[in-house]
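Undergrad: This is work-v3.cif, which holds mmCIF, C-alpha atoms:
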data_coords
#
loop_
_atom_site.label_atom_id
_atom_site.label_comp_id
_atom_site.auth_asym_id
_atom_site.auth_seq_id
_atom_site.Cartn_x
_atom_site.Cartn_y
_atom_site.Cartn_z
CA MET L 250 -0.31 23.09 -9.45
CA PRO L 251 -1.28 20.22 -11.75
CA HIS L 252 -2.58 18.08 -8.92
CA LEU L 253 -5.22 20.69 -8.16
CA THR L 254 -6.63 20.92 -11.69
CA SER L 255 -8.99 17.96 -11.50
CA THR L 256 -12.26 18.34 -9.59
CA ARG L 257 -13.40 15.19 -7.82
CA THR L 258 -16.83 14.58 -6.39
CA GLY L 259 -16.78 13.91 -2.67
CA THR L 260 -13.04 14.04 -1.97
CA ALA L 261 -13.37 17.02 0.35
CA SER L 262 -16.06 15.32 2.42
CA THR L 263 -15.24 14.72 6.06
CA ASP L 264 -16.75 11.21 5.88
CA VAL L 265 -13.70 9.98 3.92
CA ARG L 266 -11.23 8.67 6.47
CA THR L 267 -7.61 8.79 5.40
CA GLY L 268 -5.40 6.06 6.84
CA LEU L 269 -1.97 4.53 6.49
CA GLY L 270 -1.05 1.54 4.36
CA ILE L 271 2.37 0.19 5.32
CA PRO L 272 4.21 -1.11 2.20
CA GLY L 273 6.38 -3.45 4.27
CA TYR L 274 8.95 -2.75 6.96
CA ALA L 275 12.22 -4.65 7.29
CA HIS L 276 12.26 -8.00 9.07
CA PRO L 277 11.04 -7.73 12.70
CA LEU L 278 14.50 -8.66 14.01
CA VAL L 279 16.01 -5.76 12.06
CA ALA L 280 13.19 -3.26 12.65
CA PRO L 281 11.62 -4.10 16.04
CA THR L 282 10.73 -0.45 16.75
CA GLU L 283 8.86 -0.15 13.47
CA TRP L 284 6.75 -3.24 14.08
CA GLY L 285 6.14 -2.23 17.67
CA GLU L 286 4.83 1.19 16.63
CA LEU L 287 2.17 -0.44 14.48
CA THR L 288 0.35 -1.81 17.50
CA ARG L 289 0.25 1.52 19.32
CA PRO L 290 -3.43 2.25 20.14
CA GLY L 291 -4.97 4.86 17.88
CA THR L 292 -2.53 4.43 14.97
CA PRO L 293 -4.70 5.03 11.85
CA LEU L 294 -3.81 1.87 9.92
CA HIS L 295 -5.75 0.48 6.97
CA TRP L 296 -3.37 -2.45 6.52
CA VAL L 297 0.24 -3.63 6.87
CA VAL L 298 2.17 -5.66 4.30
CA LEU L 299 4.21 -8.61 5.55
CA ASP L 300 7.16 -9.35 3.26
CA VAL L 301 9.19 -12.14 4.86
CA ALA L 302 11.88 -12.69 2.21
CA ASP L 303 10.69 -11.18 -1.07
CA GLY L 304 7.56 -13.22 -0.45
CA PRO L 305 6.59 -15.76 2.23
CA GLY L 306 10.03 -17.38 2.42
CA ALA L 307 10.92 -21.06 2.22
CA ARG L 308 9.67 -21.95 5.71
CA PRO L 309 7.63 -20.33 8.50
CA ASP L 310 9.49 -17.54 10.28
CA PRO L 311 8.60 -17.40 14.00
CA HIS L 312 9.49 -13.71 14.29
CA CYS L 313 7.21 -12.76 11.40
CA LEU L 314 4.49 -15.02 12.78
CA GLU L 315 4.70 -13.24 16.13
CA ALA L 316 4.63 -9.78 14.49
CA ALA L 317 1.63 -10.70 12.34
CA GLY L 318 -0.16 -12.16 15.36
CA ARG L 319 0.30 -8.99 17.39
CA LEU L 320 -1.15 -6.94 14.56
CA ARG L 321 -4.16 -9.19 14.12
CA ASN L 322 -4.78 -9.14 17.88
CA ALA L 323 -4.76 -5.34 17.65
CA GLY L 324 -7.38 -5.48 14.88
CA VAL L 325 -4.97 -4.57 12.06
CA ARG L 326 -5.33 -6.19 8.65
CA VAL L 327 -2.16 -8.03 7.50
CA LEU L 328 -1.47 -8.54 3.78
CA GLY L 329 1.01 -10.96 2.22
CA ASN L 330 3.31 -9.55 -0.44
CA LEU L 331 3.03 -11.26 -3.84
CA ASP L 332 5.51 -9.98 -6.42
CA SER L 333 3.97 -10.19 -9.89
CA ALA L 334 7.16 -8.80 -11.52
CA TYR L 335 4.89 -6.90 -13.95
CA GLY L 336 3.34 -10.15 -15.14
CA ALA L 337 6.59 -12.14 -15.50
CA ARG L 338 5.77 -14.51 -12.62
CA THR L 339 3.32 -17.29 -13.39
CA PHE L 340 -0.13 -17.81 -11.96
CA GLY L 341 1.11 -20.96 -10.21
CA GLU L 342 4.01 -19.16 -8.53
CA LEU L 343 1.78 -16.42 -7.16
CA ILE L 344 -0.85 -18.84 -5.87
CA SER L 345 1.80 -21.04 -4.26
CA ASP L 346 3.13 -18.00 -2.39
CA ALA L 347 -0.40 -17.04 -1.39
CA HIS L 348 -1.07 -20.50 0.10
CA ARG L 349 2.10 -20.28 2.17
CA TYR L 350 1.17 -16.84 3.46
CA ARG L 351 -2.28 -18.06 4.42
CA ASP L 352 -1.13 -21.34 5.97
CA TRP L 353 1.85 -19.93 7.87
CA TYR L 354 0.80 -16.39 8.79
CA ARG L 355 -3.02 -16.37 8.52
CA VAL L 356 -2.95 -13.18 6.42
CA ASP L 357 -6.12 -11.23 5.73
CA GLY L 358 -5.35 -10.54 2.08
CA PHE L 359 -2.60 -9.72 -0.37
CA LEU L 360 -0.67 -6.94 -2.06
CA VAL L 361 0.00 -7.94 -5.66
CA ASP L 362 3.16 -5.88 -6.03
CA ARG L 363 4.57 -4.72 -9.37
CA CYS L 364 1.21 -5.47 -10.93
CA PRO L 365 0.87 -4.97 -14.70
CA THR L 366 -0.94 -1.87 -15.93
CA GLU L 367 -1.85 -2.73 -19.53
CA LEU L 368 -5.16 -4.16 -20.77
CA ALA L 369 -3.70 -7.41 -22.15
CA PRO L 370 -2.67 -8.96 -18.74
CA LEU L 371 -5.97 -7.97 -17.08
CA PRO L 372 -7.72 -11.35 -17.59
CA GLU L 373 -4.80 -13.18 -15.94
CA ILE L 374 -4.74 -10.73 -13.02
CA ARG L 375 -8.49 -11.14 -12.65
CA ARG L 376 -8.01 -14.93 -12.57
CA THR L 377 -5.31 -14.51 -9.93
CA VAL L 378 -7.46 -12.23 -7.76
CA ASP L 379 -10.47 -14.57 -7.99
CA THR L 380 -8.25 -17.45 -6.84
CA LEU L 381 -6.81 -15.38 -3.98
CA ARG L 382 -10.34 -14.74 -2.77
CA SER L 383 -11.04 -18.48 -2.78
CA ILE L 384 -7.87 -19.13 -0.73
CA CYS L 385 -8.61 -16.46 1.87
CA ASP L 386 -12.18 -15.70 2.92
CA ASP L 387 -12.95 -11.96 2.75
CA ALA L 388 -9.48 -11.36 1.32
CA HIS L 389 -8.52 -7.72 0.89
CA VAL L 390 -6.60 -7.50 -2.39
CA VAL L 391 -4.49 -4.46 -3.27
CA LEU L 392 -3.03 -4.18 -6.77
CA GLY L 393 0.35 -2.45 -6.55
CA HIS L 394 0.66 -0.85 -9.98
CA GLY L 395 2.57 2.21 -8.78
CA THR L 396 0.96 4.28 -11.52
CA HIS L 397 -2.47 4.64 -13.11
CA PRO L 398 -3.34 1.37 -14.86
CA HIS L 399 -5.99 0.65 -17.46
CA PRO L 400 -9.31 1.53 -15.75
CA GLY L 401 -10.49 -2.08 -16.04
CA TYR L 402 -8.29 -3.00 -13.08
CA VAL L 403 -10.49 -1.03 -10.71
CA GLU L 404 -13.14 -3.73 -11.03
CA CYS L 405 -10.58 -6.39 -10.09
CA GLY L 406 -8.89 -5.34 -6.83
CA ASP L 407 -10.29 -3.81 -3.66
CA GLN L 408 -7.68 -1.03 -3.93
CA LEU L 409 -5.18 0.14 -6.52
CA VAL L 410 -1.81 1.74 -5.75
CA THR L 411 -1.81 4.47 -8.40
CA PHE L 412 1.34 6.25 -7.27
CA THR L 413 4.63 4.91 -5.94
CA GLY L 414 7.63 7.18 -6.20
CA SER L 415 9.48 10.27 -5.09
CA TRP L 416 8.20 13.53 -3.69
CA SER L 417 9.76 15.44 -6.59
CA ASP L 418 7.49 13.50 -8.96
CA TYR L 419 4.44 13.43 -6.68
CA ARG L 420 4.15 17.14 -6.09
CA TRP L 421 3.66 17.75 -9.83
CA SER L 422 1.71 14.57 -10.60
CA GLN L 423 -1.70 14.47 -12.22
CA VAL L 424 -4.56 12.12 -11.46
CA ALA L 425 -6.18 10.07 -14.23
CA GLU L 426 -9.64 11.40 -15.03
CA TRP L 427 -11.31 7.98 -14.76
CA THR L 428 -10.49 7.76 -11.04
CA ALA L 429 -13.09 10.48 -10.37
CA ASP L 430 -15.79 7.86 -10.96
CA HIS L 431 -14.67 5.91 -7.89
CA PRO L 432 -14.42 6.75 -4.17
CA PRO L 433 -11.07 7.63 -2.53
CA GLU L 434 -11.01 4.42 -0.52
CA ARG L 435 -10.22 2.57 -3.75
CA PHE L 436 -6.82 4.25 -4.21
CA CYS L 437 -3.42 4.29 -2.44
CA HIS L 438 -0.33 6.52 -2.76
CA PHE L 439 3.20 5.65 -1.52
CA VAL L 440 5.64 8.58 -1.60
CA HIS L 441 9.26 8.67 -0.42
CA GLY L 442 11.57 11.61 0.09
CA VAL L 443 8.82 13.88 1.47
CA PRO L 444 10.51 16.58 3.61
CA GLY L 445 8.89 17.25 6.96
CA PRO L 446 7.92 20.86 6.08
CA HIS L 447 6.03 19.53 3.03
CA LEU L 448 4.06 16.83 4.83
CA GLU L 449 0.86 18.88 4.93
CA GLU L 450 1.18 19.63 1.21
CA ALA L 451 1.59 15.92 0.47
CA LEU L 452 -1.54 15.10 2.47
CA ARG L 453 -3.41 17.79 0.58
CA ILE L 454 -2.34 16.33 -2.77
CA ALA L 455 -3.58 12.89 -1.72
CA ARG L 456 -6.92 14.39 -0.72
CA TRP L 457 -7.38 16.27 -4.00
CA GLN L 458 -6.29 13.30 -6.08
CA GLY L 459 -8.67 11.07 -4.17
CA ALA L 460 -6.42 8.56 -2.37
CA ALA L 461 -7.59 7.54 1.10
CA THR L 462 -4.76 5.11 1.88
CA ILE L 463 -1.33 6.73 1.98
CA TYR L 464 2.21 6.25 3.19
CA PHE L 465 4.65 9.16 3.17
CA THR L 466 8.24 9.01 4.37
CA ASP L 467 11.28 11.26 4.40
CA ARG L 468 13.48 8.23 3.66
CA THR L 469 14.77 7.99 0.09
CA ASP L 470 15.81 5.22 -2.28
CA ARG L 471 19.34 6.71 -2.55
CA GLY L 472 19.28 6.51 -6.29
CA GLY L 473 17.74 3.04 -6.30
CA ARG L 474 20.22 1.57 -3.81
CA ALA L 475 17.95 1.45 -0.76
CA ASP L 476 14.38 0.53 0.20
CA PRO L 477 12.76 3.72 1.56
CA TRP L 478 9.88 1.77 3.14
CA GLU L 479 11.96 -0.38 5.51
CA THR L 480 12.14 2.11 8.39
CA LEU L 481 9.94 4.66 10.10
CA PRO L 482 9.84 8.19 8.71
CA GLY L 483 11.51 10.74 10.94
CA TYR L 484 8.13 12.43 11.43
CA TRP L 485 6.19 9.25 12.29
CA ASP L 486 4.51 10.80 15.34
CA ASP L 487 3.51 13.82 13.27
CA ILE L 488 1.95 11.88 10.43
CA VAL L 489 0.12 9.56 12.85
CA SER L 490 -1.29 12.62 14.61
CA ARG L 491 -2.28 14.41 11.41
CA VAL L 492 -3.90 11.41 9.75
CA GLY L 493 -5.44 10.05 12.94
CA THR L 494 -7.21 13.30 13.72
CA GLY L 495 -8.38 13.83 10.16
CA VAL L 496 -6.29 16.93 9.54
CA SER L 497 -5.82 16.02 5.88
CA GLU L 498 -9.54 15.75 5.29
#
Represent the structure from my file as structure tokens, please.

TA:
Amino acid sequence: MPHLTSTRTGTASTDVRTGLGIPGYAHPLVAPTEWGELTRPGTPLHWVVLDVADGPGARPDPHCLEAAGRLRNAGVRVLGNLDSAYGARTFGELISDAHRYRDWYRVDGFLVDRCPTELAPLPEIRRTVDTLRSICDDAHVVLGHGTHPHPGYVECGDQLVTFTGSWSDYRWSQVAEWTADHPPERFCHFVHGVPGPHLEEALRIARWQGAATIYFTDRTDRGGRADPWETLPGYWDDIVSRVGTGVSE
């Protein structure tokens, strides 16, 4: 398989701890079970994205504030969702959203979603990330490219999302060679439509491609008409068990 053709230094080591990054469940009123599961002791979470209303919303939401508070009390990092729209949104818009997330929900960092991938926007993204770090002390910044960007971005964010998409694409995907120069904890993969019987294979691909933060679900985007990340996968208990016990490592 193509995903097994690239040899990476250190990715098979047992000291690399795979964990879950939650791209953003539906609103807590709509998905109370999902948010409740995130505070279950022992759930191997690296971080959870809070997306109130395609961003922080126009005013503080008490239900989202409560959900974020429960996560922080459980020691889970909460990230605010900032939609870059592939560079179409301005610096000022992103920073305004970031201030609201920080002031209203006390987030621990940000996911810059739909982040550009080309070299030309890199200076502006670097400026944005530097400002985010000044807004939020020790901010954890994830750049949500969804594919492999220009390698210069790896020096900008704490983590890069280098795959977002379907299982049919993921199982034959190839990793960019430059990622081998960086540890797995720098990379994230989000994959939807993963059938339960193929969960172990998906975890194996993530290991070989060097992504330590993952989220796999059997939900699909229904041809672009649905958000596959809004609800729990049908095999939630299974993936929590496999990742939490280091099976994929």

Undergrad: List as a list in words the residues having at least one atom at most 12 Å from position (14.7, -5.7, 13.3) as given in the file, counting only C-alpha atoms.

TA: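 Output of the proximity query reads Tyr274, Ala275, His276, Pro277, Leu278, Val279, Ala280, Pro281, Thr282, Glu283, Trp284, Gly285, Val301, His312, Cys313, Ala316, Glu479, Thr480 and Leu481 of chain L.
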
Undergrad: Return the single residue from L:Val327, L:Leu269, L:Ile384, L:Leu409 that is closest to Thr466 (chain L), with distances computed using all atoms listed in the file.

TA: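 Of L:Val327, L:Leu269, L:Ile384, L:Leu409, the one nearest Thr466 (chain L), counting all atoms listed in the file, is L:Leu269.
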
Undergrad: In terms of the shortest atom-to-atom distance over all atoms listed in the file, which of L:Ala347, L:Thr292, L:Asp300, L:Gly306 is closest to Val325 (chain L)?

TA: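 For Val325 (chain L), the nearest of the given residues is L:Thr292.
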
Undergrad: So what does the PyMOL selection byres ((chain L and resi 395) around 12) actually pick up in this one, as a VMD selection string?

TA: chain L and resid 272 335 360 to 366 391 to 394 396 to 398 408 to 415 419 436 to 440

Undergrad: Evaluate the PyMOL selection byres ((chain L and resi 433) around 7) against this structure - the residues, as a count of residues only, please.

TA: 9

Undergrad: Work out where the centre of an axis-aligned box around every listed atom of region 392-398 of chain L lies and how long its edges are once 8 Å is added on each side; give both in Å to one decimal as AutoDock Vina command-line options.

TA:
--center_x -0.4 --center_y 0.2 --center_z -10.7 --size_x 21.9 --size_y 24.8 --size_z 24.3

Undergrad: Take the PyMOL selection byres ((chain L and resi 442) around 7), run it mentally on this structure, and tell me the resulting residues as a list in words.

TA: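 Against this file, the PyMOL selection byres ((chain L and resi 442) around 7) returns the residues Ser415, Trp416, Val440, His441, Val443, Pro444, Thr466, Asp467, Arg468 and Thr469 of chain L.
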
Undergrad: Write out as a ChimeraX atom specification each polymer residue whose atoms come within 10 Å of region 293-299 of chain L, counting only C-alpha atoms; drop sequence neighbours fewer than 6 positions from it.

TA: /L:266-277,284,287,305,313-314,316-317,320,324-331,350,354,356-360,389,434,461-463,488-495

Undergrad: Could you tell me which of L:Asp310, L:Asp352, L:Glu404, L:Asp303 comes closest to Ser333 (chain L) if we count all atoms listed in the file?

TA: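 Result for the nearest residue to Ser333 (chain L): L:Asp303.
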
Undergrad: Which one is closest to Glu286 (chain L): L:Leu452, L:Trp485, L:Ala307, L:Asp430? Count all atoms listed in the file.

TA: L:Trp485

Undergrad: Tell me which of L:Glu367, L:Asp379, L:Asp332, L:Asp487 sits closest to His399 (chain L), counting only C-alpha atoms.

TA: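 Smallest distance to His399 (chain L) is found for L:Glu367.
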
Undergrad: Find the distance between CA of Glu426 (chain L) and CA of Gln458 (chain L) and write it in Å to one decimal.

TA: 9.7 Å

Undergrad: For CA of Pro370 (chain L) and CA of Ala302 (chain L), determine how far apart the two atoms are, in Å to one decimal place.

TA: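 Spanning CA of Pro370 (chain L) to CA of Ala302 (chain L) is a straight-line distance of 25.8 Å.
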
Undergrad: Do you have the CA of Arg289 (chain L)-CA of Glu450 (chain L) distance handy?

TA: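 So the two atoms, CA of Arg289 (chain L) and CA of Glu450 (chain L), lie 25.6 Å apart.
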
Undergrad: Closest to Asp387 (chain L) among L:Asp407, L:Trp478, L:Gly336, L:Ala369, using only C-alpha atoms?

TA: L:Asp407
